[in-house]
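Coordinates from target-v1.txt are shown below (compact mmCIF, C-alpha atoms).
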# COMPACT_ATOMS: atom_id res chain seq x y z
CA MET M 40 -187.38 64.75 -84.17
CA LEU M 41 -186.36 68.25 -83.06
CA GLU M 42 -187.77 71.39 -84.62
CA THR M 43 -184.60 72.97 -85.93
CA MET M 44 -182.85 73.02 -89.29
CA ASP M 45 -179.51 74.43 -88.12
CA PRO M 46 -176.94 72.21 -89.96
CA ALA M 47 -174.45 72.02 -87.09
CA PHE M 48 -177.14 71.11 -84.58
CA MET M 49 -178.70 68.60 -86.98
CA GLU M 50 -175.34 66.91 -87.51
CA SER M 51 -174.84 66.66 -83.74
CA VAL M 52 -178.22 64.97 -83.40
CA TRP M 53 -177.25 62.53 -86.17
CA TRP M 54 -174.02 61.69 -84.37
CA VAL M 55 -175.84 60.96 -81.10
CA PHE M 56 -178.49 58.93 -82.93
CA LYS M 57 -175.85 56.78 -84.62
CA GLN M 58 -174.18 56.03 -81.26
CA LEU M 59 -177.53 54.73 -80.02
CA PHE M 60 -178.10 52.80 -83.27
CA GLU M 61 -174.73 51.04 -83.07
CA LYS M 62 -175.44 50.02 -79.47
CA GLY M 63 -178.67 48.33 -80.56
CA LYS M 64 -180.85 50.94 -78.87
CA VAL M 65 -182.85 51.89 -81.99
CA TYR M 66 -185.64 49.73 -83.35
CA ARG M 67 -188.75 49.99 -85.48
CA SER M 68 -192.17 49.12 -84.11
CA TYR M 69 -195.78 50.16 -84.32
CA GLN M 70 -197.74 52.69 -82.33
CA ILE M 71 -201.51 52.27 -82.34
CA MET M 72 -203.08 55.67 -82.92
CA PRO M 73 -206.42 57.26 -83.90
CA TYR M 74 -206.12 57.64 -87.64
CA SER M 75 -207.89 59.82 -90.20
CA THR M 76 -208.03 58.09 -93.57
CA ALA M 77 -209.19 61.36 -95.15
CA LEU M 78 -206.09 63.22 -93.96
CA CYS M 79 -203.82 60.17 -94.35
CA ALA M 80 -202.43 61.01 -90.93
CA PRO M 81 -202.65 59.96 -87.29
CA LEU M 82 -204.29 62.27 -84.76
CA SER M 83 -203.40 62.88 -81.14
CA ASN M 84 -205.69 61.39 -78.49
CA PHE M 85 -206.84 64.94 -77.71
CA GLU M 86 -207.81 65.57 -81.34
CA ALA M 87 -209.61 62.22 -81.54
CA GLN M 88 -211.88 63.17 -78.65
CA GLN M 89 -213.07 66.42 -80.21
CA ASN M 90 -215.80 65.03 -82.47
CA TYR M 91 -217.75 62.04 -81.14
CA ARG M 92 -221.17 61.30 -82.61
CA ASN M 93 -223.70 58.49 -82.76
CA THR M 94 -223.50 56.44 -85.92
CA GLN M 95 -224.74 53.09 -87.18
CA ASP M 96 -222.28 50.25 -87.70
CA PRO M 97 -222.56 46.54 -88.39
CA ALA M 98 -222.49 44.31 -85.30
CA VAL M 99 -221.72 40.71 -86.19
CA VAL M 100 -221.08 37.46 -84.34
CA VAL M 101 -218.55 35.22 -86.06
CA SER M 102 -217.50 31.63 -85.31
CA PHE M 103 -213.95 30.32 -85.10
CA PRO M 104 -213.88 26.48 -85.19
CA LEU M 105 -211.48 24.98 -82.66
CA LEU M 106 -208.86 22.52 -83.90
CA GLY M 107 -207.97 19.19 -82.29
CA PRO M 108 -209.73 15.83 -82.00
CA GLU M 109 -210.45 16.33 -78.31
CA ILE M 110 -212.42 19.53 -79.03
CA GLY M 111 -215.04 18.08 -81.37
CA ASP M 112 -217.47 20.23 -83.35
CA THR M 113 -217.03 23.39 -81.27
CA SER M 114 -216.41 27.02 -82.20
CA LEU M 115 -215.42 30.10 -80.26
CA LEU M 116 -217.66 33.10 -80.85
CA ILE M 117 -216.67 36.74 -81.14
CA TRP M 118 -218.76 39.90 -81.50
CA THR M 119 -217.37 42.88 -83.39
CA THR M 120 -218.53 46.23 -84.75
CA THR M 121 -215.53 46.42 -87.12
CA PRO M 122 -215.92 43.53 -89.60
CA TRP M 123 -212.99 44.93 -91.59
CA THR M 124 -210.52 43.85 -88.87
CA PRO M 125 -210.96 40.00 -88.82
CA PRO M 126 -208.83 39.51 -91.99
CA SER M 127 -205.89 40.62 -89.78
CA ASN M 128 -206.83 38.43 -86.81
CA LEU M 129 -204.03 36.60 -84.99
CA ALA M 130 -205.57 35.56 -81.65
CA ARG M 131 -208.68 35.24 -79.49
CA ALA M 132 -208.58 36.73 -76.01
CA ALA M 133 -210.38 35.18 -73.03
CA HIS M 134 -210.38 36.50 -69.47
CA PRO M 135 -208.52 33.90 -67.37
CA ASP M 136 -210.99 34.13 -64.47
CA PHE M 137 -214.26 34.08 -66.43
CA LYS M 138 -216.35 30.93 -66.51
CA TYR M 139 -217.53 30.27 -70.05
CA ILE M 140 -220.35 27.98 -71.12
CA LYS M 141 -220.52 25.55 -74.01
CA ILE M 142 -223.89 25.34 -75.73
CA ARG M 143 -225.35 23.17 -78.46
CA ASP M 144 -227.48 25.16 -80.90
CA GLU M 145 -230.26 22.89 -82.11
CA GLU M 146 -231.06 24.83 -85.29
CA SER M 147 -227.51 24.90 -86.68
CA ASN M 148 -226.41 21.71 -84.88
CA HIS M 149 -223.18 23.46 -83.84
CA SER M 150 -221.57 23.90 -80.43
CA TYR M 151 -220.39 27.33 -79.30
CA ILE M 152 -218.35 28.71 -76.39
CA LEU M 153 -219.22 32.12 -74.90
CA LEU M 154 -220.13 33.82 -71.63
CA GLU M 155 -223.63 33.16 -70.37
CA SER M 156 -224.13 36.94 -70.17
CA GLY M 157 -223.52 37.03 -73.93
CA LEU M 158 -226.52 34.87 -74.82
CA PRO M 159 -228.70 37.94 -75.63
CA VAL M 160 -226.12 38.88 -78.27
CA LEU M 161 -226.54 35.47 -79.86
CA TYR M 162 -230.31 35.15 -79.42
CA LYS M 163 -232.98 37.87 -79.41
CA ASN M 164 -234.84 35.94 -76.70
CA PRO M 165 -232.57 33.40 -74.94
CA ALA M 166 -235.51 32.05 -72.91
CA LYS M 167 -237.22 30.85 -76.08
CA ALA M 168 -234.09 30.00 -78.11
CA LYS M 169 -233.45 26.37 -79.05
CA PHE M 170 -230.15 25.52 -77.39
CA ARG M 171 -228.89 23.54 -74.41
CA LYS M 172 -225.90 23.97 -72.13
CA VAL M 173 -223.47 21.08 -72.41
CA GLY M 174 -220.45 22.22 -70.40
CA LYS M 175 -218.39 24.91 -68.68
CA VAL M 176 -214.75 25.97 -68.97
CA LEU M 177 -212.55 28.60 -67.33
CA GLY M 178 -210.78 31.13 -69.49
CA LYS M 179 -207.38 30.03 -68.17
CA ALA M 180 -208.14 26.45 -69.26
CA MET M 181 -208.58 27.63 -72.87
CA LEU M 182 -205.10 29.16 -73.00
CA GLY M 183 -203.30 27.89 -76.09
CA TRP M 184 -206.32 26.35 -77.80
CA LYS M 185 -205.87 26.54 -81.57
CA TYR M 186 -208.58 27.58 -84.01
CA LYS M 187 -209.10 27.75 -87.75
CA PRO M 188 -208.17 31.17 -89.21
CA LEU M 189 -211.08 33.14 -90.60
CA PHE M 190 -209.16 34.17 -93.74
CA PRO M 191 -206.09 32.61 -95.42
CA TYR M 192 -204.07 35.79 -95.96
CA PHE M 193 -201.61 35.42 -93.08
CA SER M 194 -202.12 31.76 -92.14
CA GLN M 195 -198.67 30.67 -93.34
CA GLU M 196 -196.50 33.55 -92.16
CA TYR M 197 -198.15 33.51 -88.73
CA GLU M 198 -199.05 29.81 -88.58
CA ASP M 199 -197.97 29.55 -84.92
CA CYS M 200 -200.62 32.14 -84.00
CA PHE M 201 -204.41 31.68 -84.23
CA ARG M 202 -204.75 30.54 -80.63
CA VAL M 203 -206.46 31.60 -77.43
CA ILE M 204 -204.55 34.00 -75.19
CA ASN M 205 -205.53 35.32 -71.76
CA ALA M 206 -206.11 39.05 -71.25
CA LEU M 207 -207.55 41.04 -68.36
CA PHE M 208 -209.06 43.73 -70.60
CA VAL M 209 -211.81 41.34 -71.74
CA ALA M 210 -215.10 42.64 -70.28
CA ALA M 211 -218.15 40.57 -69.36
CA GLU M 212 -220.51 43.38 -70.40
CA ASP M 213 -219.19 43.63 -73.95
CA GLY M 214 -220.29 41.14 -76.58
CA VAL M 215 -219.90 37.42 -75.86
CA GLY M 216 -216.89 37.62 -73.52
CA LEU M 217 -214.30 36.61 -76.12
CA VAL M 218 -212.35 39.25 -78.05
CA HIS M 219 -210.83 38.87 -81.48
CA CYS M 220 -207.34 40.38 -81.62
CA ALA M 221 -206.05 42.17 -84.71
CA PRO M 222 -202.91 43.70 -83.12
CA ALA M 223 -202.37 46.34 -85.81
CA PHE M 224 -205.79 47.88 -85.19
CA GLY M 225 -206.22 48.08 -81.44
CA LEU M 226 -203.97 49.12 -78.57
CA GLU M 227 -205.25 46.47 -76.16
CA ASP M 228 -204.96 43.85 -78.90
CA TYR M 229 -201.37 44.91 -79.58
CA GLU M 230 -200.35 44.86 -75.91
CA ALA M 231 -202.03 41.50 -75.24
CA ALA M 232 -200.45 39.90 -78.32
CA THR M 233 -197.04 41.26 -77.33
CA GLU M 234 -197.37 39.91 -73.80
CA ALA M 235 -198.40 36.52 -75.20
CA GLY M 236 -195.30 36.43 -77.43
CA ILE M 237 -197.30 36.40 -80.66
CA ILE M 238 -195.70 39.63 -81.90
CA SER M 239 -192.61 41.62 -80.97
CA ALA M 240 -190.40 44.44 -82.20
CA LYS M 241 -188.76 41.89 -84.52
CA ARG M 242 -192.04 40.37 -85.64
CA LEU M 243 -194.64 43.03 -86.24
CA PRO M 244 -198.28 42.12 -86.85
CA PRO M 245 -199.90 42.22 -90.30
CA ASN M 246 -200.97 45.75 -91.16
CA PRO M 247 -202.70 45.45 -94.56
CA VAL M 248 -204.29 48.92 -94.64
CA ASP M 249 -202.59 51.76 -96.51
CA GLU M 250 -202.44 55.43 -95.57
CA LYS M 251 -205.77 56.11 -97.31
CA GLY M 252 -207.53 53.41 -95.30
CA CYS M 253 -207.69 50.95 -98.21
CA PHE M 254 -206.72 47.29 -98.12
CA THR M 255 -203.33 46.49 -99.61
CA SER M 256 -202.65 43.57 -101.94
CA ASP M 257 -201.97 41.39 -98.87
CA VAL M 258 -205.75 41.15 -98.53
CA SER M 259 -206.30 40.29 -102.16
CA ASP M 260 -210.09 39.83 -102.17
CA TYR M 261 -210.67 43.42 -101.01
CA PHE M 262 -207.58 45.06 -102.48
CA GLY M 263 -208.04 48.80 -103.06
CA GLN M 264 -211.31 49.06 -101.15
CA HIS M 265 -211.64 51.43 -98.21
CA VAL M 266 -212.06 49.33 -95.08
CA LYS M 267 -215.50 50.74 -94.26
CA VAL M 268 -216.70 50.15 -97.83
CA ALA M 269 -215.29 46.59 -97.79
CA GLU M 270 -217.28 45.66 -94.68
CA LYS M 271 -220.39 44.76 -96.67
CA ALA M 272 -218.43 42.39 -98.90
CA ILE M 273 -216.63 40.86 -95.91
CA VAL M 274 -219.91 40.18 -94.10
CA LYS M 275 -221.38 38.69 -97.29
CA ASP M 276 -218.37 36.38 -97.68
CA LEU M 277 -218.53 35.31 -94.02
CA LYS M 278 -222.14 34.33 -94.61
CA LYS M 279 -221.15 32.24 -97.64
CA THR M 280 -218.54 30.31 -95.67
CA GLY M 281 -220.93 29.65 -92.79
CA ARG M 282 -218.84 31.61 -90.29
CA LEU M 283 -221.39 34.41 -89.82
CA VAL M 284 -223.67 33.55 -86.89
CA VAL M 285 -225.45 36.89 -86.28
CA ASP M 286 -225.73 39.86 -88.65
CA SER M 287 -227.13 43.01 -87.04
CA GLN M 288 -226.62 46.76 -86.67
CA ILE M 289 -225.71 48.94 -83.70
CA THR M 290 -225.92 52.68 -83.03
CA HIS M 291 -223.03 53.85 -80.86
CA ALA M 292 -220.69 56.80 -80.29
CA VAL M 293 -217.76 56.86 -82.70
CA GLY M 294 -214.87 59.30 -83.03
CA PHE M 295 -214.82 61.45 -86.16
CA CYS M 296 -211.97 63.51 -87.59
CA TRP M 297 -212.57 67.10 -86.51
CA ARG M 298 -211.01 68.42 -89.72
CA SER M 299 -212.55 66.19 -92.41
CA ASP M 300 -215.65 65.01 -90.50
CA THR M 301 -214.98 61.38 -91.46
CA SER M 302 -214.97 58.44 -89.05
CA LEU M 303 -211.64 57.54 -87.48
CA ILE M 304 -210.07 54.11 -87.25
CA LYS M 305 -207.38 52.75 -84.94
CA LYS M 306 -204.29 51.91 -86.94
CA ALA M 307 -200.69 50.87 -86.35
CA VAL M 308 -198.37 53.65 -87.49
CA SER M 309 -194.78 52.70 -88.19
CA ALA M 310 -192.45 54.44 -85.75
CA TRP M 311 -188.82 54.35 -84.62
CA PHE M 312 -188.10 53.90 -80.94
CA ILE M 313 -185.09 54.31 -78.66
CA LYS M 314 -184.81 51.70 -75.91
CA VAL M 315 -185.17 53.31 -72.52
CA SER M 316 -186.20 50.42 -70.28
CA ASP M 317 -182.73 48.81 -70.36
CA SER M 318 -181.19 51.99 -68.91
CA ILE M 319 -183.67 52.54 -66.07
CA PRO M 320 -181.60 50.76 -63.34
CA GLN M 321 -178.51 52.80 -64.20
CA MET M 322 -180.49 56.06 -64.26
CA LEU M 323 -181.97 55.31 -60.84
CA GLU M 324 -178.47 54.65 -59.47
CA ILE M 325 -177.27 58.00 -60.81
CA ILE M 326 -180.26 59.76 -59.25
CA GLU M 327 -179.24 58.36 -55.86
CA GLU M 328 -175.86 60.09 -56.20
CA THR M 329 -177.45 63.51 -56.64
CA ASN M 330 -178.90 66.01 -54.16
CA TRP M 331 -182.32 67.54 -54.73
CA VAL M 332 -184.05 70.47 -53.08
CA PRO M 333 -186.69 69.71 -52.02
CA SER M 334 -185.71 66.05 -51.53
CA PHE M 335 -189.17 64.58 -52.24
CA VAL M 336 -188.81 65.62 -55.88
CA LYS M 337 -185.87 63.24 -56.21
CA GLU M 338 -187.37 60.38 -54.22
CA LYS M 339 -190.91 60.50 -55.57
CA ARG M 340 -191.66 62.62 -58.59
CA PHE M 341 -188.49 62.21 -60.65
CA ALA M 342 -187.62 58.66 -59.57
CA ASN M 343 -191.19 57.51 -60.18
CA TRP M 344 -191.14 59.10 -63.62
CA ILE M 345 -187.90 57.30 -64.51
CA SER M 346 -189.13 53.97 -63.08
CA SER M 347 -192.23 53.98 -65.29
CA ALA M 348 -190.51 55.35 -68.42
CA ARG M 349 -191.37 53.66 -71.71
CA ASP M 350 -189.27 53.37 -74.82
CA TRP M 351 -189.08 56.72 -76.60
CA ASN M 352 -191.01 57.13 -79.84
CA VAL M 353 -188.51 59.43 -81.50
CA SER M 354 -190.15 59.65 -84.94
CA ARG M 355 -192.89 62.03 -86.05
CA ASN M 356 -195.03 62.32 -89.19
CA ARG M 357 -194.01 65.89 -89.93
CA TYR M 358 -192.38 67.89 -92.72
CA TRP M 359 -190.06 69.93 -90.49
CA GLY M 360 -187.39 69.16 -87.94
CA THR M 361 -184.23 67.07 -88.00
CA PRO M 362 -184.62 64.09 -90.33
CA ILE M 363 -183.89 60.74 -88.72
CA PRO M 364 -180.69 59.57 -90.49
CA LEU M 365 -181.97 56.14 -91.48
CA TRP M 366 -182.28 54.75 -94.99
CA VAL M 367 -184.18 51.48 -95.26
CA SER M 368 -185.22 49.04 -97.96
CA ASP M 369 -188.93 48.59 -98.70
CA ASP M 370 -189.00 45.34 -96.72
CA TYR M 371 -186.96 46.86 -93.84
CA GLU M 372 -184.35 44.09 -94.21
CA GLU M 373 -181.56 46.62 -94.86
CA VAL M 374 -181.12 49.62 -92.56
CA VAL M 375 -178.32 52.18 -92.96
CA CYS M 376 -177.63 54.87 -90.35
CA VAL M 377 -175.36 57.86 -90.99
CA GLY M 378 -173.83 60.01 -88.29
CA SER M 379 -172.59 63.04 -90.23
CA ILE M 380 -172.98 65.02 -93.43
CA GLU M 381 -169.74 63.51 -94.71
CA GLU M 382 -171.09 59.98 -94.17
CA LEU M 383 -174.23 60.99 -96.04
CA ARG M 384 -172.10 62.11 -99.02
As structure tokens - that is how I would like this structure written.
Amino acid sequence: MLETMDPAFMESVWWVFKQLFEKGKVYRSYQIMPYSTALCAPLSNFEAQQNYRNTQDPAVVVSFPLLGPEIGDTSLLIWTTTPWTPPSNLARAAHPDFKYIKIRDEESNHSYILLESGLPVLYKNPAKAKFRKVGKVLGKAMLGWKYKPLFPYFSQEYEDCFRVINALFVAAEDGVGLVHCAPAFGLEDYEAATEAGIISAKRLPPNPVDEKGCFTSDVSDYFGQHVKVAEKAIVKDLKKTGRLVVDSQITHAVGFCWRSDTSLIKKAVSAWFIKVSDSIPQMLEIIEETNWVPSFVKEKRFANWISSARDWNVSRNRYWGTPIPLWVSDDYEEVVCVGSIEELR
């Protein structure tokens, strides 16, 4: 937290931290960060941008059958270059203002929903492909539609999820215009799922990848496999279940760890936060009672900074500094906070 090991100072920090804890200002959540599975550590955004290179990855289109008698035999499509993330899927994101098409594929005899601009992802030559358009639907009209989970791992614990949400980050130029959301492995996914009420600080998303980048026992079929190694098996299994629609490869720029020269992933890192947003109105009131020279610093720079302040990520993955005085059970159901050395004894 703070880079000092002076006992008196450390104890003072503990005391302040406990006051915040007892007022309900401390909570655990995730922070999505570039992550090196070789180093078993997250990297800063600056570090993650130091070593980009072109590499070949799988690029697959997967179907998600919609549920409900009024839907019929129709599936949502998604395109992804990270087939290791769908086992942690909780939602599909559609842009509320996009107009999607429903097509009937004559070869498979299935109906699919996607953007018309995404047809070249589905077919090598859409002009010669055997399909017909059978309908249109706005993204906002799909809000709340339920679909069949791709894997069973989290279908019971998160049974109220697996539905379409609306998100403005969905791009028409990328894939088929529908995005699969695995909130533990993408910042935009995490923010969209939080806004939709699917996850929260009290209900974190599934994060079944350990510090070495291997699947945990929560994803039993691929337990112990590094996520990039497991991709081949995942794609093979999707093909067996009939959910794999397109299996291809793509060459694109990917971030590599500048120390180990291994590809990075995006991963939720457990972190402890101090609530700041609840105190913003009071802080702005206090600022009004102060005099600043020059005055524009008070009215613009400082006030704007306070107004847009986010909750403070107070934890760090480091071996030095003041330890956060929290002891927790493995399942995080029991949390104990101490405010002094005597309390620790």
Distance query Pro364 in chain M at most 8 Å, only C-alpha atoms, self and fewer than 3 positions along chain excluded, as an NGL selection string: :M and (53 or 56 or 376-378)
CA of Glu373 in chain M to CA of Arg349 in chain M, straight-line distance in Å: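 Distance reported for this atom pair: 26.1 Å.
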10 Å contact set for Asn84 in chain M, all atoms listed in the file, chain neighbours under 4 positions out, as an MDAnalysis selection string: chainID M and resid 72:74 88:89
Two-atom distance - CA of Pro104 in chain M, CA of Glu230 in chain M (Å): 24.6 Å
Contacts of range 176-182 of chain M at 6 Å (only C-alpha atoms; same-chain gap of 6+ positions) as a PyMOL selection string: chain M and resi 133-139+203-204
Pick from M:Ser347, M:Ser318, M:Thr233, M:Thr329, whichever lies nearest to Lys64 in chain M using only C-alpha atoms: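 Nearest candidate to Lys64 in chain M out of M:Ser347, M:Ser318, M:Thr233, M:Thr329: M:Ser318.
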Between CA of Cys296 in chain M and CA of Thr120 in chain M, distance in Å (one decimal):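 The value is 18.7 Å.
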Among listed residues M:Phe312, M:Lys163, M:Arg340, M:Gln321, nearest Phe60 in chain M (using only C-alpha atoms): M:Phe312
Residue contacts of Gln95 in chain M (9 Å, only C-alpha atoms) excluding same-chain residues fewer than 3 positions away, as an MDAnalysis selection string: chainID M and resid 288:292
Kindly save the residues from that selection, with C-alpha atoms included, as a PDB file, keeping the file's coordinate frame.
ATOM      1  CA  GLN M 288    -226.620  46.760 -86.670  1.00  0.00           C
ATOM      2  CA  ILE M 289    -225.710  48.940 -83.700  1.00  0.00           C
ATOM      3  CA  THR M 290    -225.920  52.680 -83.030  1.00  0.00           C
ATOM      4  CA  HIS M 291    -223.030  53.850 -80.860  1.00  0.00           C
ATOM      5  CA  ALA M 292    -220.690  56.800 -80.290  1.00  0.00           C
TER       6      ALA M 292
END
Closest of M:Ser346, M:Asn148, M:Ser102, M:Asn330 to His219 in chain M - atom-to-atom distances counting only C-alpha atoms: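 Closest candidate: M:Ser102.
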Box centre and edge lengths (Å, one decimal), axis-aligned, range 190-209 of chain M plus 4 Å each side, as AutoDock Vina command-line options:
--center_x -204.2 --center_y 36.6 --center_z -82.2 --size_x 23.3 --size_y 22.2 --size_z 35.6
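Nearest-residue note for Ile273 in chain M: choosing from M:Ile152, M:Cys200, M:Val375, M:Val101, the minimum distance belongs to M:Val101, counting only C-alpha atoms.
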Extract, using all atoms listed in the file, all DNA, RNA and protein residues at most 6 Å from Gly294 in chain M, discarding same-chain residues fewer than 3 positions from it, and format them as a short mmCIF file (atom, residue, chain, number, x, y, z; two decimals) with C-alpha atoms, in the frame of the given file.
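Saved the output as part_26.cif:
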data_model
loop_
_atom_site.label_atom_id
_atom_site.label_comp_id
_atom_site.auth_asym_id
_atom_site.auth_seq_id
_atom_site.Cartn_x
_atom_site.Cartn_y
_atom_site.Cartn_z
CA ASN M 90 -215.80 65.03 -82.47
CA TYR M 91 -217.75 62.04 -81.14
CA LEU M 303 -211.64 57.54 -87.48
#
From M:Leu277, M:Cys253, M:Phe208, M:Pro122, residue lying nearest Ala98 in chain M [only C-alpha atoms]: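 The answer is M:Pro122, which sits nearest to Ala98 in chain M.
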Best match for closeness to Ala223 in chain M among M:Leu129, M:Gly183, M:Glu155, M:Leu189, counting all atoms listed in the file: M:Leu129
Working from the structure I just supplied, which lacks atoms in range 177-202 of chain M, can you model N, CA and C atoms there and output them as a short mmCIF file (atom, residue, chain, number, x, y, z; two decimals), in the coordinates of the input?
data_model
loop_
_atom_site.label_atom_id
_atom_site.label_comp_id
_atom_site.auth_asym_id
_atom_site.auth_seq_id
_atom_site.Cartn_x
_atom_site.Cartn_y
_atom_site.Cartn_z
N LEU M 177 -213.17 27.35 -67.74
CA LEU M 177 -212.55 28.60 -67.33
C LEU M 177 -211.69 29.16 -68.45
N GLY M 178 -211.59 30.49 -68.47
CA GLY M 178 -210.78 31.13 -69.49
C GLY M 178 -209.34 30.68 -69.46
N LYS M 179 -208.78 30.46 -68.28
CA LYS M 179 -207.38 30.03 -68.17
C LYS M 179 -207.18 28.63 -68.73
N ALA M 180 -208.25 27.81 -68.72
CA ALA M 180 -208.14 26.45 -69.26
C ALA M 180 -208.10 26.46 -70.79
N MET M 181 -208.57 27.54 -71.40
CA MET M 181 -208.58 27.63 -72.87
C MET M 181 -207.26 28.15 -73.43
N LEU M 182 -206.37 28.58 -72.56
CA LEU M 182 -205.10 29.16 -73.00
C LEU M 182 -204.37 28.20 -73.94
N GLY M 183 -204.04 28.69 -75.12
CA GLY M 183 -203.30 27.89 -76.09
C GLY M 183 -204.15 27.10 -77.06
N TRP M 184 -205.46 27.07 -76.85
CA TRP M 184 -206.32 26.35 -77.80
C TRP M 184 -206.16 26.95 -79.20
N LYS M 185 -206.03 26.09 -80.19
CA LYS M 185 -205.87 26.54 -81.57
C LYS M 185 -207.22 26.57 -82.28
N TYR M 186 -207.35 27.49 -83.23
CA TYR M 186 -208.58 27.58 -84.01
C TYR M 186 -208.25 27.81 -85.48
N LYS M 187 -209.26 27.59 -86.32
CA LYS M 187 -209.10 27.75 -87.75
C LYS M 187 -209.16 29.22 -88.11
N PRO M 188 -208.14 29.76 -88.82
CA PRO M 188 -208.17 31.17 -89.21
C PRO M 188 -209.41 31.50 -90.04
N LEU M 189 -209.88 32.71 -89.89
CA LEU M 189 -211.08 33.14 -90.60
C LEU M 189 -210.79 33.37 -92.08
N PHE M 190 -209.59 33.90 -92.37
CA PHE M 190 -209.16 34.17 -93.74
C PHE M 190 -207.77 33.56 -93.94
N PRO M 191 -207.37 33.29 -95.18
CA PRO M 191 -206.09 32.61 -95.42
C PRO M 191 -204.89 33.54 -95.57
N TYR M 192 -205.11 34.85 -95.54
CA TYR M 192 -204.07 35.79 -95.96
C TYR M 192 -202.76 35.67 -95.19
N PHE M 193 -202.82 35.45 -93.89
CA PHE M 193 -201.61 35.42 -93.08
C PHE M 193 -201.42 34.08 -92.36
N SER M 194 -202.13 33.06 -92.84
CA SER M 194 -202.12 31.76 -92.14
C SER M 194 -200.79 31.04 -92.22
N GLN M 195 -199.97 31.33 -93.23
CA GLN M 195 -198.67 30.67 -93.34
C GLN M 195 -197.58 31.44 -92.59
N GLU M 196 -197.53 32.75 -92.81
CA GLU M 196 -196.50 33.55 -92.16
C GLU M 196 -196.65 33.55 -90.64
N TYR M 197 -197.88 33.48 -90.16
CA TYR M 197 -198.15 33.51 -88.73
C TYR M 197 -198.83 32.20 -88.28
N GLU M 198 -198.37 31.08 -88.83
CA GLU M 198 -199.05 29.81 -88.58
C GLU M 198 -199.00 29.38 -87.12
N ASP M 199 -198.05 29.90 -86.34
CA ASP M 199 -197.97 29.55 -84.92
C ASP M 199 -198.95 30.38 -84.08
N CYS M 200 -199.64 31.32 -84.71
CA CYS M 200 -200.62 32.14 -84.00
C CYS M 200 -201.99 31.46 -84.08
N PHE M 201 -203.05 32.21 -84.14
CA PHE M 201 -204.41 31.68 -84.23
C PHE M 201 -204.69 30.74 -83.06
N ARG M 202 -204.53 31.29 -81.86
CA ARG M 202 -204.75 30.54 -80.63
C ARG M 202 -205.34 31.46 -79.57
#
